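Peer 1: Supplied in structure tokens, the structure appears directly below.
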Amino acid sequence: MNTYEKDKLLKKIQEEDFSLYETVLYLDTHPNNSAALAFYKQRKESVASLKREYQQKFGPLTIYGNEDCSHWNWVNKPWPWEKEAN
Amino acid sequence: MWIYDRKLQYPVKIKNPNATYAKIIISQLGGPDGELAASMRYLHQRYSMPYGEVVGILTDVGTEELAHLEMIAAILYQLTKGLSPEEIKRAGLDTYFVDHTSGIYPIAASGVPFDMKYVGVKGDIIADLNEDLAAEQKARVTYDNILRLVDDPDVRDPIKYLRQRELVHYQRFGDALRIAQDNLDCKNFYAINPSFDK
């Protein structure tokens, strides 16, 4: 497994997911803001595609993302709190 | 990190408010064997678990317990919606009402607020999994007791579902303990603590 590529992709997901989450908090108190809604739409699609790529290559990010038919990779190390995962 | 799913794990639809039921069911929110204690117990035990299968089951059961916490809160919300001060007084819920109105605050049925003392994290796989097996059984007994005190089928139905989940979790923690023992020294399970000794 290419750990450099894995780390790079995970960082990208963390960045984009964070900006999506930040937008969500803003939208909660500004539900009619069209600029925020447009940004949300664009970010959500980009995060979904990055996560799809990550899960196919490196294993599940959520319980819905185990793409391997021969093993439940959900229980593989490292867990998110381990240094190796960061 | 966590993501919120905007649905209950199992539906809660209670036609008739009932302060007396709310007063006892609140124990599964903030009581010693309640869902908040369960979730906190499992999610915090994960860090000292040496085997992936055990970390997996603690993560997923600990997450499901948060969904159960929400179901109990939904039951309490529907049971206390639209009650009159007289009904609250008659049920003895006035001592809760004075501090929390109709807010949902985690306490035991006795009135004691939620306490992390209900949560055991020993940092030892055998001790912690035995704690979890006991916790699931204690929660099952609490649900059995609630079912002895509650007649309304609208309330009994989600409570029965939650009781059944305790049994399933007990089974899975049993599997986890077997996996742990298969990985430990078969002559002496206590020879080392794999999360600490090298």
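In the structure tokens, the first chain shown is A, the next is B, and so on; residue numbers restart at 1 for each chain, and ligands run from 1 in the order shown.
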Would you give me, as CSV, each residue of chain B having an atom within 12 Å of an atom of chain A, along with its shortest atom pair and that distance in Å to one decimal, using only C-alpha atoms and sorting by chain and residue number?

Peer 2:
```
residue,atom,partner,partner_atom,distance
B:Met1,CA,A:Pro80,CA,8.8
B:Trp2,CA,A:Thr62,CA,9.4
B:Ile3,CA,A:Thr62,CA,9.6
B:Tyr4,CA,A:Tyr21,CA,11.9
B:His44,CA,A:Trp81,CA,11.9
B:Arg46,CA,A:Trp79,CA,9.7
B:Tyr47,CA,A:Trp81,CA,8.1
B:Ser48,CA,A:Trp81,CA,11.3
B:Met49,CA,A:Trp79,CA,10.9
B:Pro50,CA,A:Lys77,CA,9.9
B:Tyr51,CA,A:Val75,CA,8.5
B:Gly52,CA,A:Val75,CA,4.7
B:Glu53,CA,A:Val75,CA,5.4
B:Val54,CA,A:Val75,CA,8.2
B:Val55,CA,A:Val75,CA,7.1
B:Gly56,CA,A:Val75,CA,5.3
B:Ile57,CA,A:Val75,CA,8.6
B:Leu58,CA,A:Val75,CA,10.7
B:Thr59,CA,A:Val75,CA,9.9
B:Asp60,CA,A:Ile63,CA,8.7
B:Thr63,CA,A:Ile63,CA,11.2
```

Peer 1: Could the residues in this selection be saved with C-alpha atoms as a short mmCIF file (atom, residue, chain, number, x, y, z; two decimals), in the first residue's frame?

Peer 2:
```cif
data_model
loop_
_atom_site.label_atom_id
_atom_site.label_comp_id
_atom_site.auth_asym_id
_atom_site.auth_seq_id
_atom_site.Cartn_x
_atom_site.Cartn_y
_atom_site.Cartn_z
CA MET B 1 -15.26 11.81 14.05
CA TRP B 2 -19.00 11.32 14.02
CA ILE B 3 -21.81 12.20 11.60
CA TYR B 4 -25.44 12.60 12.68
CA HIS B 44 -13.62 5.24 26.11
CA ARG B 46 -11.46 1.46 22.91
CA TYR B 47 -8.04 3.07 23.36
CA SER B 48 -6.63 0.29 25.52
CA MET B 49 -8.00 -2.58 23.39
CA PRO B 50 -5.26 -4.49 21.58
CA TYR B 51 -7.40 -6.37 19.02
CA GLY B 52 -9.15 -4.84 16.00
CA GLU B 53 -12.32 -6.92 16.31
CA VAL B 54 -12.78 -5.68 19.89
CA VAL B 55 -12.11 -2.03 18.98
CA GLY B 56 -14.61 -2.48 16.13
CA ILE B 57 -17.41 -3.84 18.32
CA LEU B 58 -16.80 -1.16 21.00
CA THR B 59 -16.92 1.57 18.34
CA ASP B 60 -20.10 0.29 16.76
CA THR B 63 -22.24 4.50 18.54
#
```

Peer 1: Would you mind listing what lies within 8 Å of stretch 16-25 of chain B as number ranges by chain, with only C-alpha atoms counted and same-chain residues fewer than 6 positions away left out?

Peer 2: B: 72, 75-76, 78-83, 87-88, 91-93, 109, 146, 150

Peer 1: Under the rule that only C-alpha atoms are counted, which of A:Leu20, A:Ala85, A:Leu10, A:Cys69 is the nearest residue to A:Lys44?

Peer 2: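 Ranked by minimum distance to A:Lys44, first place goes to A:Leu20.
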
Peer 1: Which of these residues is nearest to A:Glu45, using only C-alpha atoms: A:Ile13, A:Tyr4, A:His71, A:Asn32?

Peer 2: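 Going through A:Ile13, A:Tyr4, A:His71, A:Asn32 one by one, the smallest distance to A:Glu45 is for A:Ile13.
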
Peer 1: What's around B:Phe114 at 6 Å? Count only C-alpha atoms, leave out sequence neighbours fewer than 5 positions away in its own chain, and write the answer as a ChimeraX atom specification.

Peer 2: /B:30,106-107

Peer 1: Go ahead and dump the residues you just picked, N, CA, C and O atoms, as an mmCIF file, in the first residue's frame.

Peer 2:
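part_18.cif, written as the output of this step:
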```
data_model
loop_
_atom_site.group_PDB
_atom_site.id
_atom_site.type_symbol
_atom_site.label_atom_id
_atom_site.label_comp_id
_atom_site.auth_asym_id
_atom_site.auth_seq_id
_atom_site.Cartn_x
_atom_site.Cartn_y
_atom_site.Cartn_z
ATOM 1 N N GLY B 30 -30.085 8.762 32.108
ATOM 2 C CA GLY B 30 -28.967 9.185 32.954
ATOM 3 C C GLY B 30 -28.726 8.318 34.179
ATOM 4 O O GLY B 30 -28.012 8.740 35.092
ATOM 5 N N PRO B 106 -30.230 14.297 31.770
ATOM 6 C CA PRO B 106 -29.939 12.911 32.173
ATOM 7 C C PRO B 106 -29.781 12.733 33.692
ATOM 8 O O PRO B 106 -28.773 13.129 34.269
ATOM 9 N N ILE B 107 -30.807 12.127 34.273
ATOM 10 C CA ILE B 107 -30.755 11.752 35.691
ATOM 11 C C ILE B 107 -31.243 10.313 35.821
ATOM 12 O O ILE B 107 -31.837 9.765 34.903
#
```
